[in-house]
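Q: The structure's right below; bear with me while I get my questions together.
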Amino acid sequence: MTMIFPLLVVAAALVDADGRVLLQQRPPGKAMAGLWEFPGGKVEIGETPETALIRELEEELGIRTHASCLAPASFASEALGERHLLLLLYVCRKWEGLPEARHATELKWVKPSQMFALEMPPADLPLIGLLDSLI
Ligand SMILES: Nc1nc2c([nH]c(=O)n2[C@H]2C[C@H](O)[C@@H](COP(=O)(O)OP(=O)(O)OP(=O)(O)O)O2)c(=O)[nH]1
């Protein structure tokens with residue numbers, strides 16, 4: 001019997017006043033390099049999904065937010081090699097600081113409808129239509 005290890009990942013759709021969402025480009029050397037993703041990362045042992053996401057947003061973008069500003073929006077469930085990815089997507093409209101690319105190659109603000117033209121991880125594709133109707 002094949003063992004499946006779930007991998008819990010949290011990500012944020014940061015939404016600005018014009019209804020655009022922040023995407024970051026995965027850097028060279030990482031899995032899925034070059035693809036555009038929502039900021040976020042793995043939930044580590046001892047963390048709640050919300051504390052993990054707050055930590056990742058600070059590490060990756062240098063912004064600060066609070067659990068009360070993270071609205072659960074959707075999730076993705078996708079095979080990922082030997083693992084199975086469970087990605088929890090939150091919508092966040094309030095944070096402090098100006099996002100800067102600390103880990104990513106580049107950042108860009110896009111309308112959800114523009115995401116269809118970008119290369120994104122397979123797990124993210126079903127989330128685009130949802131964001132389009134939500135924002
Ligand atoms: N952050 C993020 N990860 C995504 C998205 N879509 C998607 O399939 N993933 C996958 C890619 C990775 O396999 C996993 C996130 O792991 P990661 O390696 O980027 O996370 P991390 O920041 O904790 O990285 P590291 O410390 O292990 O380098 O989730 C997405 O939109 N955002």
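If you're wondering about the labels, chains in the structure tokens are A, B, ... by order shown, residues count from 1 in each chain, ligands from 1 in order shown.
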Please return as number ranges by chain the residues found within 6 Å of ligand 1, counting only C-alpha atoms and all ligand atoms.
A: A: 9, 11, 37-42, 121, 123-124
Q: Just the selected residues (C-alpha atoms), exported as a CSV table (one decimal), in the first residue's frame, please.
A:
chain,number,residue,atom,x,y,z
A,9,VAL,CA,0.5,24.7,3.2
A,11,ALA,CA,-1.3,30.9,1.4
A,37,GLU,CA,2.1,31.7,-6.5
A,38,PHE,CA,0.3,33.2,-3.6
A,39,PRO,CA,2.7,34.2,-0.8
A,40,GLY,CA,2.8,31.5,2.0
A,41,GLY,CA,4.4,28.2,2.8
A,42,LYS,CA,4.4,25.1,5.0
A,121,PRO,CA,1.2,25.7,-9.8
A,123,ALA,CA,-3.1,23.3,-7.3
A,124,ASP,CA,-3.7,27.0,-7.7
Q: What parts of chain A does DSSP call strand (DSSP E)? I'd like the answer as a JSON list (two decimals) with N, CA and C atoms, in the first residue's frame.
A:
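Contents of result30.json, freshly written:
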[["chain", "number", "residue", "atom", "x", "y", "z"],
["A", 5, "PHE", "N", 1.60, 11.16, 2.49],
["A", 5, "PHE", "CA", 1.85, 12.10, 3.58],
["A", 5, "PHE", "C", 1.27, 13.46, 3.20],
["A", 6, "PRO", "N", 0.26, 13.92, 3.89],
["A", 6, "PRO", "CA", -0.28, 15.23, 3.55],
["A", 6, "PRO", "C", 0.72, 16.33, 3.89],
["A", 7, "LEU", "N", 0.79, 17.31, 3.03],
["A", 7, "LEU", "CA", 1.64, 18.48, 3.26],
["A", 7, "LEU", "C", 0.71, 19.68, 3.40],
["A", 8, "LEU", "N", 0.75, 20.28, 4.59],
["A", 8, "LEU", "CA", -0.16, 21.40, 4.84],
["A", 8, "LEU", "C", 0.55, 22.72, 4.53],
["A", 9, "VAL", "N", -0.03, 23.44, 3.60],
["A", 9, "VAL", "CA", 0.53, 24.73, 3.16],
["A", 9, "VAL", "C", -0.55, 25.79, 3.31],
["A", 10, "VAL", "N", -0.14, 26.97, 3.75],
["A", 10, "VAL", "CA", -1.08, 28.09, 3.85],
["A", 10, "VAL", "C", -0.65, 29.18, 2.88],
["A", 11, "ALA", "N", -1.61, 29.88, 2.31],
["A", 11, "ALA", "CA", -1.27, 30.94, 1.36],
["A", 11, "ALA", "C", -2.30, 32.06, 1.49],
["A", 12, "ALA", "N", -1.87, 33.26, 1.07],
["A", 12, "ALA", "CA", -2.75, 34.42, 1.19],
["A", 12, "ALA", "C", -2.98, 35.07, -0.16],
["A", 13, "ALA", "N", -4.25, 35.42, -0.40],
["A", 13, "ALA", "CA", -4.58, 36.33, -1.49],
["A", 13, "ALA", "C", -4.66, 37.71, -0.82],
["A", 14, "LEU", "N", -3.59, 38.48, -0.96],
["A", 14, "LEU", "CA", -3.59, 39.86, -0.44],
["A", 14, "LEU", "C", -4.31, 40.70, -1.48],
["A", 21, "VAL", "N", -4.67, 41.26, -6.71],
["A", 21, "VAL", "CA", -4.12, 40.28, -5.77],
["A", 21, "VAL", "C", -2.61, 40.18, -6.00],
["A", 22, "LEU", "N", -1.87, 40.06, -4.91],
["A", 22, "LEU", "CA", -0.41, 39.97, -5.02],
["A", 22, "LEU", "C", 0.03, 38.54, -5.33],
["A", 23, "LEU", "N", 0.81, 38.39, -6.40],
["A", 23, "LEU", "CA", 1.45, 37.10, -6.70],
["A", 23, "LEU", "C", 2.95, 37.28, -6.65],
["A", 24, "GLN", "N", 3.64, 36.21, -6.31],
["A", 24, "GLN", "CA", 5.11, 36.25, -6.31],
["A", 24, "GLN", "C", 5.62, 35.10, -7.17],
["A", 25, "GLN", "N", 6.80, 35.37, -7.76],
["A", 25, "GLN", "CA", 7.38, 34.36, -8.65],
["A", 25, "GLN", "C", 8.39, 33.52, -7.90],
["A", 36, "TRP", "N", 4.12, 31.50, -10.76],
["A", 36, "TRP", "CA", 3.55, 32.58, -9.94],
["A", 36, "TRP", "C", 2.64, 31.96, -8.89],
["A", 37, "GLU", "N", 2.87, 32.33, -7.63],
["A", 37, "GLU", "CA", 2.12, 31.71, -6.54],
["A", 37, "GLU", "C", 1.63, 32.78, -5.57],
["A", 40, "GLY", "N", 3.14, 32.48, 0.94],
["A", 40, "GLY", "CA", 2.77, 31.52, 1.98],
["A", 40, "GLY", "C", 3.82, 30.44, 2.08],
["A", 41, "GLY", "N", 3.47, 29.34, 2.71],
["A", 41, "GLY", "CA", 4.44, 28.24, 2.84],
["A", 41, "GLY", "C", 3.90, 27.17, 3.78],
["A", 42, "LYS", "N", 4.82, 26.30, 4.17],
["A", 42, "LYS", "CA", 4.42, 25.12, 4.95],
["A", 42, "LYS", "C", 4.10, 25.50, 6.40],
["A", 70, "LEU", "N", -7.35, 37.50, 8.50],
["A", 70, "LEU", "CA", -7.21, 36.38, 7.57],
["A", 70, "LEU", "C", -8.55, 35.66, 7.45],
["A", 71, "ALA", "N", -9.22, 35.84, 6.33],
["A", 71, "ALA", "CA", -10.52, 35.20, 6.12],
["A", 71, "ALA", "C", -10.35, 33.92, 5.30],
["A", 72, "PRO", "N", -10.75, 32.78, 5.87],
["A", 72, "PRO", "CA", -10.63, 31.53, 5.10],
["A", 72, "PRO", "C", -11.45, 31.65, 3.83],
["A", 73, "ALA", "N", -10.83, 31.31, 2.68],
["A", 73, "ALA", "CA", -11.52, 31.50, 1.40],
["A", 73, "ALA", "C", -11.79, 30.18, 0.69],
["A", 74, "SER", "N", -10.77, 29.33, 0.62],
["A", 74, "SER", "CA", -10.94, 28.06, -0.09],
["A", 74, "SER", "C", -9.75, 27.18, 0.21],
["A", 75, "PHE", "N", -9.74, 26.00, -0.39],
["A", 75, "PHE", "CA", -8.56, 25.15, -0.25],
["A", 75, "PHE", "C", -8.33, 24.42, -1.56],
["A", 76, "ALA", "N", -7.12, 23.89, -1.71],
["A", 76, "ALA", "CA", -6.81, 23.06, -2.87],
["A", 76, "ALA", "C", -6.26, 21.75, -2.37],
["A", 77, "SER", "N", -6.51, 20.69, -3.11],
["A", 77, "SER", "CA", -6.07, 19.35, -2.76],
["A", 77, "SER", "C", -5.47, 18.74, -4.02],
["A", 78, "GLU", "N", -4.16, 18.44, -3.96],
["A", 78, "GLU", "CA", -3.46, 18.09, -5.20],
["A", 78, "GLU", "C", -2.31, 17.13, -4.92],
["A", 79, "ALA", "N", -2.15, 16.11, -5.75],
["A", 79, "ALA", "CA", -1.01, 15.21, -5.62],
["A", 79, "ALA", "C", 0.27, 16.00, -5.80],
["A", 80, "LEU", "N", 1.28, 15.67, -4.99],
["A", 80, "LEU", "CA", 2.57, 16.39, -5.09],
["A", 80, "LEU", "C", 3.67, 15.36, -4.84],
["A", 83, "ARG", "N", 3.98, 13.25, -1.68],
["A", 83, "ARG", "CA", 3.13, 13.93, -0.71],
["A", 83, "ARG", "C", 1.79, 14.21, -1.35],
["A", 84, "HIS", "N", 0.87, 14.69, -0.53],
["A", 84, "HIS", "CA", -0.39, 15.20, -1.07],
["A", 84, "HIS", "C", -0.59, 16.58, -0.48],
["A", 85, "LEU", "N", -0.63, 17.57, -1.36],
["A", 85, "LEU", "CA", -0.70, 18.97, -0.92],
["A", 85, "LEU", "C", -2.12, 19.35, -0.53],
["A", 86, "LEU", "N", -2.23, 19.89, 0.68],
["A", 86, "LEU", "CA", -3.48, 20.55, 1.09],
["A", 86, "LEU", "C", -3.13, 22.01, 1.29],
["A", 87, "LEU", "N", -3.67, 22.85, 0.44],
["A", 87, "LEU", "CA", -3.33, 24.27, 0.49],
["A", 87, "LEU", "C", -4.55, 25.06, 0.97],
["A", 88, "LEU", "N", -4.37, 25.75, 2.09],
["A", 88, "LEU", "CA", -5.46, 26.57, 2.64],
["A", 88, "LEU", "C", -5.25, 28.00, 2.17],
["A", 89, "LEU", "N", -6.25, 28.54, 1.47],
["A", 89, "LEU", "CA", -6.13, 29.90, 0.94],
["A", 89, "LEU", "C", -6.98, 30.85, 1.78],
["A", 90, "TYR", "N", -6.34, 31.92, 2.23],
["A", 90, "TYR", "CA", -7.01, 32.97, 3.00],
["A", 90, "TYR", "C", -7.04, 34.24, 2.17],
["A", 91, "VAL", "N", -8.08, 35.05, 2.36],
["A", 91, "VAL", "CA", -8.09, 36.39, 1.77],
["A", 91, "VAL", "C", -7.72, 37.37, 2.87],
["A", 92, "CYS", "N", -6.83, 38.31, 2.54],
["A", 92, "CYS", "CA", -6.38, 39.30, 3.52],
["A", 92, "CYS", "C", -6.42, 40.67, 2.86],
["A", 107, "LEU", "N", 7.44, 40.42, -7.66],
["A", 107, "LEU", "CA", 6.06, 40.49, -7.20],
["A", 107, "LEU", "C", 5.24, 41.16, -8.28],
["A", 108, "LYS", "N", 3.96, 40.79, -8.37],
["A", 108, "LYS", "CA", 3.07, 41.61, -9.21],
["A", 108, "LYS", "C", 1.64, 41.56, -8.69],
["A", 109, "TRP", "N", 0.93, 42.69, -8.90],
["A", 109, "TRP", "CA", -0.47, 42.80, -8.51],
["A", 109, "TRP", "C", -1.32, 42.55, -9.75],
["A", 110, "VAL", "N", -2.22, 41.57, -9.66],
["A", 110, "VAL", "CA", -3.03, 41.23, -10.84],
["A", 110, "VAL", "C", -4.49, 41.01, -10.44]]
Q: Which residue gives the smallest distance to Asp18 in chain A among A:Glu56, A:Met3, A:Pro112, A:Leu125, with only C-alpha atoms counted?
A: A:Pro112
Q: Using backbone DSSP assignments, extract all alpha helix (DSSP H) residues from chain A; output them as a ChimeraX atom specification.
A: /A:49-61,112-115,125-134
Q: Kindly give the distance, in Å, that separates CA of Ala31 in chain A and CA of Gly81 in chain A, rounded to a single decimal.
A: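 Distance between the two atoms: 11.2 Å.
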Q: CA of Gly62 in chain A to CA of Pro99 in chain A: how many Å, to one decimal?
A: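 Spanning CA of Gly62 in chain A to CA of Pro99 in chain A is a straight-line distance of 6.0 Å.
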